[in-house]
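Before any comments, here is the structure.
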Amino acid sequence: WVENLSKDKLIPSLKQSLSDLQTDYVDLTLVHWPSPNDAVSVKEFMQELLAAKKMGLTREIGISNFTIPLMEQAIAAVGVENIATNQIELSPYLQNHKVVNWAKQHGIHITSYMTLAYGKALKDETIQTIAKKHNATPAQIILAWAMNEGYSVIPSSTKRENLASNLLSVNIKLDSEDKQAIAKLDCHDRLVSPEGLAPHWD
């Protein structure tokens, strides 16, 4: 968390998390939000994350909610080869092409969160029409769309049947007509932008 990004707190915080999880390492450690008002520089926390990786506390390191200028700073700090992903809000309503295209051009993989737009996109007529065409659920269509765009997707659900249903989205192949229809839904509708935490979005 942002209060544990400084050089004296990041690794002790990660070690405490590993202890709580009863494991020696995690596969991926992300900076969940950049430090508000640059209280801790990107260089400082990224280099500390890299140190944690070299210590074997985490196999990979990454960033979340990073804009293009913040990604530039992260790359300058540790090299793009050490940034596993940038986890950002993406949905049919917030397709974030500027950030996505920049990340792809510079070799940073994208992980999509809030992909179903808090469930709002499930009720979308366009999505529902495509779902009927493929004999699928709206959630499966949206997840298939995101994976087709090349993103890792992390939908959450409290219901086992929804988790099982979501997994079936890997079998859905959208055609160009489907993709064009979903592309038209983009309206820059950002749902996650907490005051005091969110950077100045691209």
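We name chains A, B, ... following the order of the structure tokens; residues begin at 1 in each chain, and ligands are numbered from 1 as shown.
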- request: Would you please extract all helix (DSSP H, G or I) residues from chain A, as assigned by DSSP on the backbone, and give them as a VMD selection string?
  value: chain A and resid 2 to 4 10 to 21 36 to 38 42 to 54 68 to 78 80 to 82 97 to 105 117 to 123 125 to 133 138 to 148 160 to 171 176 to 183
Per-residue nearest contacts stretch 147-169 of chain A to stretch 84-104 of chain A, cut-off 12 Å, using only C-alpha atoms, as a tab-separated table:
```
residue	atom	partner	partner_atom	distance
A:Met147	CA	A:Leu90	CA	11.4
A:Glu149	CA	A:Val100	CA	9.9
A:Gly150	CA	A:Lys104	CA	9.6
A:Tyr151	CA	A:Leu90	CA	9.4
A:Ser152	CA	A:Gln87	CA	8.8
A:Val153	CA	A:Gln87	CA	9.3
A:Ile154	CA	A:Gln87	CA	9.5
A:Pro155	CA	A:Ser91	CA	11.0
```
Given the selection you just returned, output its residues as a file containing all heavy atoms, formatted as a compact mmCIF listing (two decimals), in the first residue's frame.
```txt
# COMPACT_ATOMS: atom_id res chain seq x y z
N MET A 147 -9.48 -10.54 -23.32
CA MET A 147 -8.37 -11.47 -23.60
C MET A 147 -7.97 -11.39 -25.07
O MET A 147 -6.78 -11.50 -25.40
CB MET A 147 -8.76 -12.90 -23.21
CG MET A 147 -8.79 -13.09 -21.70
SD MET A 147 -9.09 -14.80 -21.19
CE MET A 147 -10.85 -14.95 -21.55
N GLU A 149 -7.95 -8.79 -26.76
CA GLU A 149 -7.13 -7.57 -26.87
C GLU A 149 -5.71 -7.80 -26.35
O GLU A 149 -4.86 -6.94 -26.46
CB GLU A 149 -7.78 -6.43 -26.08
CG GLU A 149 -9.11 -5.94 -26.64
CD GLU A 149 -8.96 -5.25 -27.98
OE1 GLU A 149 -8.05 -4.41 -28.13
OE2 GLU A 149 -9.75 -5.54 -28.89
N GLY A 150 -5.49 -8.97 -25.74
CA GLY A 150 -4.15 -9.32 -25.27
C GLY A 150 -3.92 -9.04 -23.80
O GLY A 150 -2.78 -9.10 -23.32
N TYR A 151 -4.99 -8.74 -23.05
CA TYR A 151 -4.84 -8.43 -21.64
C TYR A 151 -4.94 -9.68 -20.78
O TYR A 151 -5.66 -10.62 -21.11
CB TYR A 151 -5.94 -7.45 -21.17
CG TYR A 151 -6.17 -6.26 -22.07
CD1 TYR A 151 -7.46 -5.78 -22.30
CD2 TYR A 151 -5.10 -5.62 -22.69
CE1 TYR A 151 -7.68 -4.68 -23.13
CE2 TYR A 151 -5.31 -4.53 -23.52
CZ TYR A 151 -6.60 -4.07 -23.74
OH TYR A 151 -6.82 -2.99 -24.56
N SER A 152 -4.26 -9.67 -19.65
CA SER A 152 -4.59 -10.60 -18.59
C SER A 152 -5.80 -10.00 -17.89
O SER A 152 -5.89 -8.78 -17.74
CB SER A 152 -3.43 -10.72 -17.60
OG SER A 152 -2.32 -11.32 -18.22
N VAL A 153 -6.72 -10.85 -17.47
CA VAL A 153 -7.98 -10.35 -16.92
C VAL A 153 -8.19 -10.95 -15.53
O VAL A 153 -7.98 -12.15 -15.33
CB VAL A 153 -9.18 -10.70 -17.82
CG1 VAL A 153 -10.43 -10.00 -17.35
CG2 VAL A 153 -8.88 -10.33 -19.26
N ILE A 154 -8.60 -10.12 -14.57
CA ILE A 154 -8.77 -10.61 -13.19
C ILE A 154 -10.18 -10.27 -12.68
O ILE A 154 -10.35 -9.45 -11.79
CB ILE A 154 -7.68 -10.04 -12.26
CG1 ILE A 154 -7.55 -8.51 -12.40
CG2 ILE A 154 -6.34 -10.70 -12.51
CD1 ILE A 154 -6.67 -7.87 -11.35
N PRO A 155 -11.20 -10.94 -13.23
CA PRO A 155 -12.55 -10.71 -12.73
C PRO A 155 -12.69 -11.31 -11.33
O PRO A 155 -12.04 -12.30 -11.01
CB PRO A 155 -13.43 -11.45 -13.73
CG PRO A 155 -12.56 -12.56 -14.23
CD PRO A 155 -11.16 -12.01 -14.24
```
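Distance annotation: of A:Ala52, A:Met114, A:Ile68, A:Ala131, the residue with the minimal separation from A:Asp189 is A:Met114; atom set is only C-alpha atoms.
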field: For A:His109, the nearest of the candidates A:Ser13, A:Ser157, A:Gln73, A:Ser64, counting only C-alpha atoms
entry: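 For A:His109, the nearest of the given residues is A:Ser64.
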task: Name the closest residue to A:Leu197 among the candidates A:Asn4, A:Asp38, A:Thr129, A:Leu10; distances are taken between atoms, counting only C-alpha atoms.
output: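 Nearest to A:Leu197: A:Asp38.
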- request: Please run DSSP on the backbone and report, as JSON, numbers by chain, all residues within stretch 2-101 of chain A that come out as strand (DSSP E).
  value: {"A": [26, 27, 28, 29, 30, 31, 58, 59, 60, 61, 62, 63, 64, 86, 87, 88, 89]}
query: Just how far from atom CA of A:Leu191 is atom CA of A:Glu44, in Å to one decimal?
result: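 Taking atom CA of A:Glu44 and atom CA of A:Leu191, their separation equals 29.0 Å.
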Polymer residues at most 12 Å from A:Ile130, only C-alpha atoms, same-chain spacing of 3 or more positions, as a PyMOL selection string: chain A and resi 122-127+133-142+144-145+172-182
task: Compare A:Ser41, A:Glu48, A:Val192, A:Leu167 by their minimum atom-to-atom distance to A:Pro12, counting only C-alpha atoms, and give me the closest one.
output: A:Glu48
- request: Compare A:Ser165, A:Thr158, A:Ser35, A:Ser6 by their minimum atom-to-atom distance to A:Phe66, counting only C-alpha atoms, and give me the closest one.
  value: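 Smallest distance to A:Phe66 is found for A:Ser35.
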